[in-house]
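Here is the file data.pdb (PDB, C-alpha atoms).
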ATOM      1  CA  MET A   1     -13.854  24.428  -8.420
ATOM      2  CA  THR A   2     -16.654  22.064  -7.397
ATOM      3  CA  ARG A   3     -17.848  21.703 -10.990
ATOM      4  CA  PHE A   4     -14.297  21.030 -12.137
ATOM      5  CA  ILE A   5     -13.785  18.281  -9.545
ATOM      6  CA  LEU A   6     -17.137  16.666 -10.354
ATOM      7  CA  ARG A   7     -16.340  16.763 -14.075
ATOM      8  CA  ARG A   8     -12.969  15.117 -13.521
ATOM      9  CA  LEU A   9     -14.513  12.483 -11.251
ATOM     10  CA  ALA A  10     -16.998  11.697 -14.005
ATOM     11  CA  GLN A  11     -14.107  11.244 -16.442
ATOM     12  CA  LEU A  12     -12.186   8.948 -14.077
ATOM     13  CA  PRO A  13     -14.158   5.739 -14.860
ATOM     14  CA  LEU A  14     -13.629   6.290 -18.581
ATOM     15  CA  ILE A  15      -9.884   6.684 -18.084
ATOM     16  CA  VAL A  16      -9.672   3.545 -15.927
ATOM     17  CA  LEU A  17     -11.798   1.629 -18.429
ATOM     18  CA  ALA A  18      -9.463   2.607 -21.276
ATOM     19  CA  VAL A  19      -6.440   1.472 -19.258
ATOM     20  CA  TYR A  20      -8.218  -1.758 -18.337
ATOM     21  CA  THR A  21      -9.075  -2.503 -21.964
ATOM     22  CA  ILE A  22      -5.569  -1.854 -23.279
ATOM     23  CA  THR A  23      -3.998  -3.894 -20.476
ATOM     24  CA  PHE A  24      -6.404  -6.769 -21.069
ATOM     25  CA  LEU A  25      -5.563  -6.925 -24.775
ATOM     26  CA  LEU A  26      -1.827  -6.919 -24.047
ATOM     27  CA  ALA A  27      -2.091  -9.433 -21.195
ATOM     28  CA  TRP A  28      -4.269 -11.813 -23.215
ATOM     29  CA  ALA A  29      -1.715 -11.716 -26.049
ATOM     30  CA  LEU A  30       1.131 -12.761 -23.724
ATOM     31  CA  PRO A  31       2.616 -16.133 -24.651
ATOM     32  CA  GLY A  32       2.266 -19.046 -22.308
ATOM     33  CA  SER A  33      -0.485 -20.178 -19.998
ATOM     34  CA  ALA A  34      -1.110 -19.734 -16.293
ATOM     35  CA  VAL A  35      -2.148 -23.381 -15.960
ATOM     36  CA  MET A  36       1.371 -24.531 -16.836
ATOM     37  CA  ASN A  37       3.727 -25.238 -13.971
ATOM     38  CA  ASP A  38       7.137 -23.627 -13.502
ATOM     39  CA  GLU A  39       8.907 -26.397 -15.419
ATOM     40  CA  GLY A  40       6.597 -25.961 -18.403
ATOM     41  CA  ARG A  41       4.890 -29.331 -18.015
ATOM     42  CA  ALA A  42       1.173 -29.126 -18.673
ATOM     43  CA  PRO A  43      -1.565 -31.154 -16.946
ATOM     44  CA  PRO A  44      -3.730 -33.448 -19.069
ATOM     45  CA  GLN A  45      -5.753 -31.676 -21.728
ATOM     46  CA  SER A  46      -9.025 -32.383 -19.934
ATOM     47  CA  VAL A  47      -7.696 -30.685 -16.793
ATOM     48  CA  ILE A  48      -6.506 -27.672 -18.799
ATOM     49  CA  GLU A  49      -9.903 -27.295 -20.451
ATOM     50  CA  ALA A  50     -11.687 -27.580 -17.108
ATOM     51  CA  MET A  51      -9.469 -24.951 -15.507
ATOM     52  CA  GLU A  52      -9.830 -22.573 -18.452
ATOM     53  CA  ALA A  53     -13.606 -22.974 -18.377
ATOM     54  CA  GLN A  54     -13.675 -22.390 -14.619
ATOM     55  CA  TYR A  55     -11.789 -19.078 -14.889
ATOM     56  CA  ASN A  56     -13.215 -18.038 -18.312
ATOM     57  CA  LEU A  57      -9.749 -18.317 -19.841
ATOM     58  CA  ASP A  58     -11.227 -19.935 -22.936
ATOM     59  CA  ASP A  59     -13.300 -16.897 -23.926
ATOM     60  CA  PRO A  60     -11.720 -13.396 -23.880
ATOM     61  CA  VAL A  61     -15.070 -11.610 -24.195
ATOM     62  CA  VAL A  62     -16.567 -13.432 -21.208
ATOM     63  CA  PHE A  63     -13.406 -12.926 -19.132
ATOM     64  CA  TYR A  64     -13.329  -9.211 -20.006
ATOM     65  CA  THR A  65     -16.934  -8.558 -19.038
ATOM     66  CA  GLU A  66     -17.120 -10.859 -16.013
ATOM     67  CA  TYR A  67     -13.883  -9.627 -14.494
ATOM     68  CA  LEU A  68     -14.785  -5.977 -15.077
ATOM     69  CA  ALA A  69     -18.185  -6.491 -13.447
ATOM     70  CA  LYS A  70     -16.638  -8.036 -10.327
ATOM     71  CA  ALA A  71     -13.604  -5.754 -10.049
ATOM     72  CA  SER A  72     -15.617  -2.556 -10.493
ATOM     73  CA  GLY A  73     -18.154  -3.519  -7.845
ATOM     74  CA  ALA A  74     -21.003  -3.645 -10.379
ATOM     75  CA  ARG A  75     -21.674  -7.355  -9.738
ATOM     76  CA  TRP A  76     -21.789  -6.791  -5.963
ATOM     77  CA  LEU A  77     -24.173  -3.842  -6.375
ATOM     78  CA  LEU A  78     -26.481  -5.756  -8.733
ATOM     79  CA  SER A  79     -26.529  -8.744  -6.374
ATOM     80  CA  LYS A  80     -27.611  -6.511  -3.504
ATOM     81  CA  VAL A  81     -30.630  -5.254  -5.441
ATOM     82  CA  GLY A  82     -31.481  -8.750  -6.673
ATOM     83  CA  LEU A  83     -30.576  -8.235 -10.337
ATOM     84  CA  ALA A  84     -27.649 -10.682 -10.385
ATOM     85  CA  GLN A  85     -26.279 -13.642  -8.470
ATOM     86  CA  GLY A  86     -23.292 -13.077  -6.266
ATOM     87  CA  ASP A  87     -21.211 -14.716  -3.569
ATOM     88  CA  PRO A  88     -22.415 -13.453  -0.163
ATOM     89  CA  GLY A  89     -18.855 -13.507   1.153
ATOM     90  CA  ALA A  90     -17.266 -11.751  -1.835
ATOM     91  CA  PRO A  91     -15.775  -8.287  -1.323
ATOM     92  CA  VAL A  92     -17.260  -5.229  -3.003
ATOM     93  CA  PHE A  93     -14.360  -5.024  -5.426
ATOM     94  CA  ASP A  94     -13.499  -8.621  -6.220
ATOM     95  CA  PHE A  95     -10.251  -8.957  -8.198
ATOM     96  CA  GLY A  96     -10.505 -12.724  -8.312
ATOM     97  CA  PRO A  97      -8.130 -15.543  -7.350
ATOM     98  CA  SER A  98      -4.465 -15.673  -8.198
ATOM     99  CA  LEU A  99      -3.690 -18.411 -10.693
ATOM    100  CA  ARG A 100      -0.134 -18.914  -9.408
ATOM    101  CA  TYR A 101      -0.382 -18.237  -5.666
ATOM    102  CA  GLU A 102      -2.490 -21.072  -4.317
ATOM    103  CA  ASP A 103      -5.104 -20.227  -1.682
ATOM    104  CA  TRP A 104      -4.491 -16.486  -2.202
ATOM    105  CA  THR A 105      -6.858 -13.992  -3.758
ATOM    106  CA  VAL A 106      -5.678 -10.900  -5.598
ATOM    107  CA  ASN A 107      -7.380  -8.777  -2.932
ATOM    108  CA  GLU A 108      -5.245 -10.405  -0.234
ATOM    109  CA  ILE A 109      -2.042  -9.984  -2.252
ATOM    110  CA  ILE A 110      -2.752  -6.308  -2.899
ATOM    111  CA  ALA A 111      -3.734  -5.673   0.729
ATOM    112  CA  GLY A 112      -0.454  -7.178   1.920
ATOM    113  CA  SER A 113       1.919  -5.629  -0.615
ATOM    114  CA  LEU A 114       0.446  -2.251  -1.538
ATOM    115  CA  PRO A 115       1.318  -0.648   1.852
ATOM    116  CA  VAL A 116       4.948  -1.661   1.298
ATOM    117  CA  SER A 117       5.032   0.104  -2.054
ATOM    118  CA  ILE A 118       3.352   3.167  -0.556
ATOM    119  CA  VAL A 119       5.959   3.389   2.218
ATOM    120  CA  LEU A 120       8.772   2.967  -0.309
ATOM    121  CA  GLY A 121       7.305   5.604  -2.633
ATOM    122  CA  LEU A 122       6.730   8.162   0.126
ATOM    123  CA  ALA A 123      10.241   7.626   1.498
ATOM    124  CA  ALA A 124      11.681   8.103  -1.995
ATOM    125  CA  ILE A 125       9.750  11.353  -2.504
ATOM    126  CA  LEU A 126      10.896  12.644   0.896
ATOM    127  CA  ILE A 127      14.532  11.935   0.056
ATOM    128  CA  ALA A 128      14.108  13.387  -3.440
ATOM    129  CA  THR A 129      12.584  16.601  -2.084
ATOM    130  CA  ILE A 130      15.341  17.156   0.474
ATOM    131  CA  LEU A 131      18.157  16.381  -1.958
ATOM    132  CA  GLY A 132      16.601  18.184  -4.915
ATOM    133  CA  VAL A 133      15.765  21.404  -3.102
ATOM    134  CA  ALA A 134      19.186  21.502  -1.417
ATOM    135  CA  MET A 135      21.051  20.958  -4.700
ATOM    136  CA  GLY A 136      18.884  23.472  -6.517
ATOM    137  CA  VAL A 137      19.444  26.193  -3.926
ATOM    138  CA  LEU A 138      23.193  25.592  -3.765
ATOM    139  CA  GLY A 139      23.488  25.723  -7.537
ATOM    140  CA  ALA A 140      21.371  28.873  -7.868
ATOM    141  CA  LEU A 141      23.374  30.859  -5.308
ATOM    142  CA  ARG A 142      26.420  30.866  -7.589
ATOM    143  CA  PRO A 143      25.440  30.014 -11.169
ATOM    144  CA  GLY A 144      28.337  28.700 -13.203
ATOM    145  CA  SER A 145      30.457  27.934 -10.152
ATOM    146  CA  LEU A 146      32.030  24.590  -9.337
ATOM    147  CA  THR A 147      29.197  23.876  -6.895
ATOM    148  CA  ASP A 148      26.616  24.619  -9.586
ATOM    149  CA  LEU A 149      28.369  22.366 -12.085
ATOM    150  CA  ALA A 150      28.602  19.588  -9.490
ATOM    151  CA  THR A 151      24.874  19.747  -8.739
ATOM    152  CA  LEU A 152      24.069  19.736 -12.458
ATOM    153  CA  ALA A 153      26.325  16.701 -12.914
ATOM    154  CA  VAL A 154      24.570  14.846 -10.091
ATOM    155  CA  ALA A 155      21.198  15.744 -11.593
ATOM    156  CA  MET A 156      22.346  14.476 -14.993
ATOM    157  CA  VAL A 157      23.417  11.173 -13.456
ATOM    158  CA  GLY A 158      20.073  10.834 -11.685
ATOM    159  CA  VAL A 159      18.172  11.363 -14.932
ATOM    160  CA  SER A 160      20.423   9.292 -17.206
ATOM    161  CA  VAL A 161      21.389   6.216 -15.178
ATOM    162  CA  PRO A 162      18.620   3.576 -14.877
ATOM    163  CA  SER A 163      17.368   2.847 -11.390
ATOM    164  CA  PHE A 164      18.302  -0.843 -11.599
ATOM    165  CA  VAL A 165      21.935   0.154 -12.260
ATOM    166  CA  ILE A 166      21.919   2.530  -9.299
ATOM    167  CA  GLY A 167      20.275  -0.133  -7.156
ATOM    168  CA  ALA A 168      22.844  -2.771  -8.090
ATOM    169  CA  ALA A 169      25.687  -0.327  -7.364
ATOM    170  CA  LEU A 170      24.225   0.498  -3.949
ATOM    171  CA  LEU A 171      23.897  -3.196  -3.105
ATOM    172  CA  ILE A 172      27.522  -3.840  -4.047
ATOM    173  CA  LEU A 173      28.804  -0.776  -2.199
ATOM    174  CA  PHE A 174      26.952  -0.967   1.123
ATOM    175  CA  PRO A 175      25.898  -4.546   1.988
ATOM    176  CA  VAL A 176      28.723  -6.332   0.115
ATOM    177  CA  TRP A 177      31.775  -4.070   0.452
ATOM    178  CA  LEU A 178      30.991  -2.028   3.566
ATOM    179  CA  GLY A 179      28.815  -4.577   5.337
ATOM    180  CA  ILE A 180      26.094  -1.989   5.999
ATOM    181  CA  GLY A 181      22.534  -3.267   5.687
ATOM    182  CA  GLY A 182      21.334  -6.537   4.275
ATOM    183  CA  VAL A 183      20.787  -7.924   0.805
ATOM    184  CA  GLY A 184      17.103  -8.464   0.097
ATOM    185  CA  ALA A 185      16.115  -7.754   3.704
ATOM    186  CA  TRP A 186      12.868  -6.048   4.700
ATOM    187  CA  ASP A 187      12.732  -6.536   8.449
ATOM    188  CA  SER A 188      13.493  -3.106   9.934
ATOM    189  CA  PRO A 189      12.841   0.570   9.097
ATOM    190  CA  GLY A 190      16.454   0.917   7.948
ATOM    191  CA  ASP A 191      15.892  -1.539   5.116
ATOM    192  CA  VAL A 192      13.848   1.069   3.229
ATOM    193  CA  ILE A 193      16.770   3.513   2.893
ATOM    194  CA  LEU A 194      18.717   1.956   0.013
ATOM    195  CA  PRO A 195      15.751   1.129  -2.256
ATOM    196  CA  ALA A 196      14.169   4.502  -1.485
ATOM    197  CA  PHE A 197      17.406   6.289  -2.345
ATOM    198  CA  ALA A 198      17.727   4.396  -5.625
ATOM    199  CA  LEU A 199      14.121   5.223  -6.487
ATOM    200  CA  SER A 200      14.496   8.880  -5.458
ATOM    201  CA  LEU A 201      17.391   9.932  -7.705
ATOM    202  CA  PRO A 202      15.414  10.637 -10.922
ATOM    203  CA  PHE A 203      12.883  12.673  -8.944
ATOM    204  CA  ALA A 204      15.630  14.489  -7.026
ATOM    205  CA  ALA A 205      17.311  15.417 -10.297
ATOM    206  CA  TYR A 206      14.161  16.974 -11.719
ATOM    207  CA  ILE A 207      13.366  18.780  -8.449
ATOM    208  CA  ALA A 208      16.916  20.167  -8.398
ATOM    209  CA  ARG A 209      16.492  21.559 -11.903
ATOM    210  CA  LEU A 210      13.127  23.122 -11.079
ATOM    211  CA  THR A 211      14.466  24.643  -7.853
ATOM    212  CA  ARG A 212      17.600  25.984  -9.517
ATOM    213  CA  MET A 213      15.702  27.697 -12.332
ATOM    214  CA  GLY A 214      13.147  29.131  -9.927
ATOM    215  CA  MET A 215      15.778  30.380  -7.471
ATOM    216  CA  ILE A 216      17.856  32.058 -10.162
ATOM    217  CA  GLU A 217      14.770  33.922 -11.347
ATOM    218  CA  GLU A 218      13.627  34.890  -7.840
ATOM    219  CA  LEU A 219      17.070  35.974  -6.632
ATOM    220  CA  GLY A 220      17.139  38.536  -9.435
ATOM    221  CA  ALA A 221      13.709  39.947  -8.590
ATOM    222  CA  ASP A 222      13.179  43.438  -7.217
ATOM    223  CA  TYR A 223      11.766  42.318  -3.884
ATOM    224  CA  VAL A 224      14.920  40.306  -3.182
ATOM    225  CA  ARG A 225      17.112  43.321  -3.885
ATOM    226  CA  THR A 226      14.883  45.369  -1.592
ATOM    227  CA  ALA A 227      15.174  42.782   1.172
ATOM    228  CA  ARG A 228      18.963  42.841   0.878
ATOM    229  CA  ALA A 229      18.992  46.642   0.867
ATOM    230  CA  LYS A 230      17.094  46.602   4.168
ATOM    231  CA  GLY A 231      19.948  44.641   5.708
ATOM    232  CA  LEU A 232      18.273  41.262   6.040
ATOM    233  CA  ALA A 233      20.596  38.324   6.543
ATOM    234  CA  GLU A 234      21.362  36.422   3.356
ATOM    235  CA  ARG A 235      19.968  33.259   4.896
ATOM    236  CA  ASP A 236      16.596  34.926   5.499
ATOM    237  CA  VAL A 237      16.573  36.409   2.002
ATOM    238  CA  VAL A 238      17.213  33.038   0.401
ATOM    239  CA  LEU A 239      15.059  30.768   2.561
ATOM    240  CA  ARG A 240      12.200  32.991   3.722
ATOM    241  CA  HIS A 241      11.699  35.071   0.590
ATOM    242  CA  ALA A 242      13.164  33.642  -2.609
ATOM    243  CA  LEU A 243      12.671  29.945  -1.846
ATOM    244  CA  ARG A 244       9.004  30.380  -0.892
ATOM    245  CA  ASN A 245       8.188  31.537  -4.424
ATOM    246  CA  ALA A 246      10.705  29.358  -6.236
ATOM    247  CA  ILE A 247       9.310  26.203  -4.626
ATOM    248  CA  LEU A 248       5.863  26.506  -6.266
ATOM    249  CA  PRO A 249       6.807  24.539  -9.429
ATOM    250  CA  VAL A 250       8.232  21.836  -7.170
ATOM    251  CA  VAL A 251       4.958  21.610  -5.259
ATOM    252  CA  SER A 252       3.120  21.144  -8.552
ATOM    253  CA  TYR A 253       5.529  18.401  -9.591
ATOM    254  CA  LEU A 254       5.307  16.485  -6.303
ATOM    255  CA  GLY A 255       1.750  15.304  -6.975
ATOM    256  CA  PRO A 256       2.333  13.186 -10.088
ATOM    257  CA  ALA A 257       5.834  12.323  -8.852
ATOM    258  CA  THR A 258       4.426  10.849  -5.645
ATOM    259  CA  ALA A 259       1.885   8.819  -7.593
ATOM    260  CA  PHE A 260       4.552   7.507  -9.938
ATOM    261  CA  ALA A 261       6.939   6.696  -7.068
ATOM    262  CA  MET A 262       4.287   4.570  -5.361
ATOM    263  CA  THR A 263       3.161   2.827  -8.534
ATOM    264  CA  GLY A 264       6.299   2.736 -10.669
ATOM    265  CA  SER A 265       8.808   1.030  -8.399
ATOM    266  CA  PHE A 266       8.695  -2.358 -10.177
ATOM    267  CA  VAL A 267      12.382  -2.486 -11.064
ATOM    268  CA  VAL A 268      13.642  -1.192  -7.722
ATOM    269  CA  GLU A 269      11.496  -3.667  -5.814
ATOM    270  CA  ARG A 270      12.801  -6.469  -7.994
ATOM    271  CA  VAL A 271      16.453  -5.469  -7.490
ATOM    272  CA  PHE A 272      16.177  -5.090  -3.698
ATOM    273  CA  ASN A 273      13.686  -7.961  -3.273
ATOM    274  CA  VAL A 274      11.187  -5.622  -1.642
ATOM    275  CA  PRO A 275       7.889  -7.445  -0.943
ATOM    276  CA  GLY A 276       5.872  -4.709  -2.609
ATOM    277  CA  ILE A 277       3.173  -4.826  -5.231
ATOM    278  CA  GLY A 278       5.680  -4.223  -8.020
ATOM    279  CA  GLN A 279       7.369  -7.524  -7.217
ATOM    280  CA  HIS A 280       4.060  -9.315  -7.634
ATOM    281  CA  PHE A 281       3.279  -7.483 -10.856
ATOM    282  CA  VAL A 282       6.531  -8.606 -12.467
ATOM    283  CA  ALA A 283       5.858 -12.194 -11.381
ATOM    284  CA  ALA A 284       2.281 -11.956 -12.663
ATOM    285  CA  VAL A 285       3.447 -10.867 -16.115
ATOM    286  CA  LEU A 286       6.042 -13.650 -16.276
ATOM    287  CA  ASN A 287       3.449 -16.228 -15.196
ATOM    288  CA  LYS A 288       0.563 -14.719 -17.202
ATOM    289  CA  ASP A 289      -1.517 -14.500 -14.042
ATOM    290  CA  LEU A 290      -4.341 -12.520 -15.650
ATOM    291  CA  PHE A 291      -6.292 -11.914 -12.466
ATOM    292  CA  LEU A 292      -3.277 -10.457 -10.669
ATOM    293  CA  ILE A 293      -2.188  -8.396 -13.681
ATOM    294  CA  MET A 294      -5.599  -6.826 -14.139
ATOM    295  CA  GLY A 295      -6.128  -6.221 -10.426
ATOM    296  CA  ILE A 296      -2.827  -4.411  -9.961
ATOM    297  CA  VAL A 297      -3.318  -2.330 -13.098
ATOM    298  CA  LEU A 298      -6.794  -1.281 -11.976
ATOM    299  CA  ILE A 299      -5.453  -0.225  -8.575
ATOM    300  CA  PHE A 300      -2.531   1.676 -10.109
ATOM    301  CA  SER A 301      -4.591   3.444 -12.766
ATOM    302  CA  THR A 302      -7.132   4.555 -10.175
ATOM    303  CA  MET A 303      -4.382   5.862  -7.890
ATOM    304  CA  LEU A 304      -2.713   7.769 -10.713
ATOM    305  CA  SER A 305      -6.001   9.324 -11.817
ATOM    306  CA  LEU A 306      -6.851  10.427  -8.270
ATOM    307  CA  PHE A 307      -3.395  11.903  -7.693
ATOM    308  CA  ASN A 308      -3.562  13.822 -10.957
ATOM    309  CA  LEU A 309      -6.986  15.120  -9.974
ATOM    310  CA  ALA A 310      -5.618  16.260  -6.613
ATOM    311  CA  VAL A 311      -2.740  18.061  -8.304
ATOM    312  CA  ASP A 312      -5.025  19.802 -10.788
ATOM    313  CA  ALA A 313      -7.208  20.975  -7.922
ATOM    314  CA  LEU A 314      -4.114  22.123  -6.017
ATOM    315  CA  TYR A 315      -3.064  24.306  -8.937
ATOM    316  CA  ALA A 316      -6.062  26.568  -8.389
ATOM    317  CA  VAL A 317      -5.309  26.758  -4.659
ATOM    318  CA  VAL A 318      -1.645  27.637  -5.171
ATOM    319  CA  ASP A 319      -2.344  30.078  -8.009
ATOM    320  CA  PRO A 320      -5.985  31.232  -8.383
ATOM    321  CA  ARG A 321      -5.125  32.766 -11.750
ATOM    322  CA  ILE A 322      -5.037  29.287 -13.268
ATOM    323  CA  GLN A 323      -8.287  28.608 -15.094
ATOM    324  CA  GLN A 324      -9.462  25.003 -15.054
ATOM    325  CA  THR A 325     -11.006  23.964 -18.374
TER     326      THR A 325
END
Can you turn what I pasted into structure tokens?
Amino acid sequence: MTRFILRRLAQLPLIVLAVYTITFLLAWALPGSAVMNDEGRAPPQSVIEAMEAQYNLDDPVVFYTEYLAKASGARWLLSKVGLAQGDPGAPVFDFGPSLRYEDWTVNEIIAGSLPVSIVLGLAAILIATILGVAMGVLGALRPGSLTDLATLAVAMVGVSVPSFVIGAALLILFPVWLGIGGVGAWDSPGDVILPAFALSLPFAAYIARLTRMGMIEELGADYVRTARAKGLAERDVVLRHALRNAILPVVSYLGPATAFAMTGSFVVERVFNVPGIGQHFVAAVLNKDLFLIMGIVLIFSTMLSLFNLAVDALYAVVDPRIQQT
């Protein structure tokens, strides 16, 4: 297990570097310029050239290498051993200044918005787990029944309907029609419910399908029939015996699902005006804010890689028969 984890940790920088390179090529090819203002009026050409030279926007090779050195911490490490010049007040991982948010660095933007996205993602996974497991168990108890068909229909809606459509419908239904909650508010713990619910539905649908298939298989197993023959209550048979084994595929799925929920909530944050990191990423792409784009992508790719590593390691804990290669 230790060798497996060390091998995966050694692969992590290569994965992040590949993501960084692909993102850089796509971001550099975006039309427009970050030195233009919102109305599209450009400063004098001399000012544009000075700004591009200051931020290395006139040379993609220099920008690529310089930004990677600062963001990865390599520049900070080399400056500490006297092999490179560095700013004494710069952080270890320096993601640079934002080109559109004056007097803000990318580090400050990420530090202020990433916790919001984490809270939203964790709340969505919690809701998805509760809803998905409940629907899966109800459907598996009577396969082919009206309840089973209803849970399958809900799961199909969760998978098929885009999250921005669900989010818009929730905004119209609750804040506008029913007067419950606010539109674009993020001031109280209750404001996380609607965006978390909208984000949770695709995950809940998949969890429901996994739980249903696992429960149907476990409820037909010999040990379940033995437990019923001993006179155990049906509730104990379902929850204490069958569900404990049927939930294992769900546990495996929760790792990458949690990572995706915390890093893939761009659309939901945009619809509900949540001040999370996804909101800033969308704005960065529209404004071609290269520093902010690259910083957020580096954070997200690292988080995804670490979550996938944790899940792979958890596989061997849940089922020691799994051989890590």
Item to check | Which of A:Val16, A:Leu239, A:Leu131, A:Leu290 sits closest to Tyr64 (chain A) [using only C-alpha atoms] | outcome: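 Using only C-alpha atoms, Tyr64 (chain A) sits closest to A:Leu290.
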Checklist entry - When distances are computed from all atoms listed in the file, which of A:Ala71, A:Asp289, A:Ser79, A:Gln279 shows the smallest separation from Asp94 (chain A)? => result A:Ala71
How close does each residue of region 56-142 of chain A get to region 298-316 of chain A, giving the shortest atom pair and distance in Å to one decimal for every residue with an atom at most 10 Å away, counting all atoms listed in the file, sorted by chain and residue number, as a Markdown table?
| residue | atom | partner | partner_atom | distance |
| --- | --- | --- | --- | --- |
| A:Leu68 | CA | A:Leu298 | CA | 9.8 |
| A:Ala71 | CA | A:Leu298 | CA | 8.4 |
| A:Ser72 | CA | A:Leu298 | CA | 9.0 |
| A:Phe95 | CA | A:Leu298 | CA | 9.2 |
| A:Ile110 | CA | A:Ile299 | CA | 8.7 |
| A:Leu114 | CA | A:Ile299 | CA | 9.4 |
Next on the checklist: Show me, as a PyMOL selection string, the residues that have an atom within 12 Å of Phe24 (chain A) when counting all atoms listed in the file, minus same-chain residues fewer than 2 positions from it.
Outcome noted: chain A and resi 16-22+26-30+60-61+63-65+67-68+285+288-298
Next on the checklist: Can you tell me which residues surround region 220-226 of chain A at a distance of at most 10 Å, considering all atoms listed in the file, apart from same-chain residues fewer than 6 positions away, and format the answer as JSON, numbers by chain?
Outcome noted: {"A": [232, 234, 237, 238, 241, 242]}
Just-selected residues, C-alpha atoms written as a PDB file, keeping the file's coordinate frame:
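The file below, out00.pdb, is the result:
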ATOM      1  CA  LEU A 232      18.273  41.262   6.040  1.00  0.00           C
ATOM      2  CA  GLU A 234      21.362  36.422   3.356  1.00  0.00           C
ATOM      3  CA  VAL A 237      16.573  36.409   2.002  1.00  0.00           C
ATOM      4  CA  VAL A 238      17.213  33.038   0.401  1.00  0.00           C
ATOM      5  CA  HIS A 241      11.699  35.071   0.590  1.00  0.00           C
ATOM      6  CA  ALA A 242      13.164  33.642  -2.609  1.00  0.00           C
TER       7      ALA A 242
END
Checklist entry - Which residues match the PyMOL selection byres ((chain A and resi 176-191) around 9) in the file above, as a VMD selection string? => result chain A and resid 171 to 175 192 to 195 271 to 275
Checklist entry - Quick one, how far is CA of Gly167 (chain A) from CA of Val268 (chain A)? => result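 CA of Val268 (chain A) lies 6.7 Å from CA of Gly167 (chain A).
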Is it possible to add N, CA and C atoms to region 256-272 of chain A and hand it back as a CSV table (one decimal), in the coordinates of the input?
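As written to disk, out.csv reads:
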chain,number,residue,atom,x,y,z
A,256,PRO,N,2.1,14.3,-9.2
A,256,PRO,CA,2.3,13.2,-10.1
A,256,PRO,C,3.6,12.4,-9.8
A,257,ALA,N,4.6,13.1,-9.2
A,257,ALA,CA,5.8,12.3,-8.9
A,257,ALA,C,5.6,11.3,-7.7
A,258,THR,N,4.8,11.8,-6.7
A,258,THR,CA,4.4,10.8,-5.6
A,258,THR,C,3.6,9.7,-6.1
A,259,ALA,N,2.7,9.9,-7.0
A,259,ALA,CA,1.9,8.8,-7.6
A,259,ALA,C,2.8,7.9,-8.4
A,260,PHE,N,3.7,8.4,-9.2
A,260,PHE,CA,4.6,7.5,-9.9
A,260,PHE,C,5.5,6.7,-9.0
A,261,ALA,N,6.0,7.4,-8.0
A,261,ALA,CA,6.9,6.7,-7.1
A,261,ALA,C,6.3,5.5,-6.4
A,262,MET,N,5.0,5.7,-6.1
A,262,MET,CA,4.3,4.6,-5.4
A,262,MET,C,3.8,3.5,-6.3
A,263,THR,N,3.7,3.8,-7.6
A,263,THR,CA,3.2,2.8,-8.5
A,263,THR,C,4.2,2.4,-9.6
A,264,GLY,N,5.3,3.0,-9.6
A,264,GLY,CA,6.3,2.7,-10.7
A,264,GLY,C,7.6,2.2,-10.2
A,265,SER,N,7.6,1.5,-9.0
A,265,SER,CA,8.8,1.0,-8.4
A,265,SER,C,9.1,-0.4,-8.7
A,266,PHE,N,8.6,-0.9,-9.9
A,266,PHE,CA,8.7,-2.4,-10.2
A,266,PHE,C,10.1,-2.8,-10.2
A,267,VAL,N,11.0,-2.1,-10.9
A,267,VAL,CA,12.4,-2.5,-11.1
A,267,VAL,C,13.1,-2.4,-9.7
A,268,VAL,N,12.9,-1.3,-9.0
A,268,VAL,CA,13.6,-1.2,-7.7
A,268,VAL,C,13.2,-2.3,-6.8
A,269,GLU,N,11.9,-2.6,-6.7
A,269,GLU,CA,11.5,-3.7,-5.8
A,269,GLU,C,12.1,-5.0,-6.2
A,270,ARG,N,12.2,-5.2,-7.5
A,270,ARG,CA,12.8,-6.5,-8.0
A,270,ARG,C,14.3,-6.6,-7.6
A,271,VAL,N,15.0,-5.5,-7.8
A,271,VAL,CA,16.5,-5.5,-7.5
A,271,VAL,C,16.7,-5.7,-6.0
A,272,PHE,N,16.0,-5.0,-5.1
A,272,PHE,CA,16.2,-5.1,-3.7
A,272,PHE,C,15.3,-6.2,-3.0
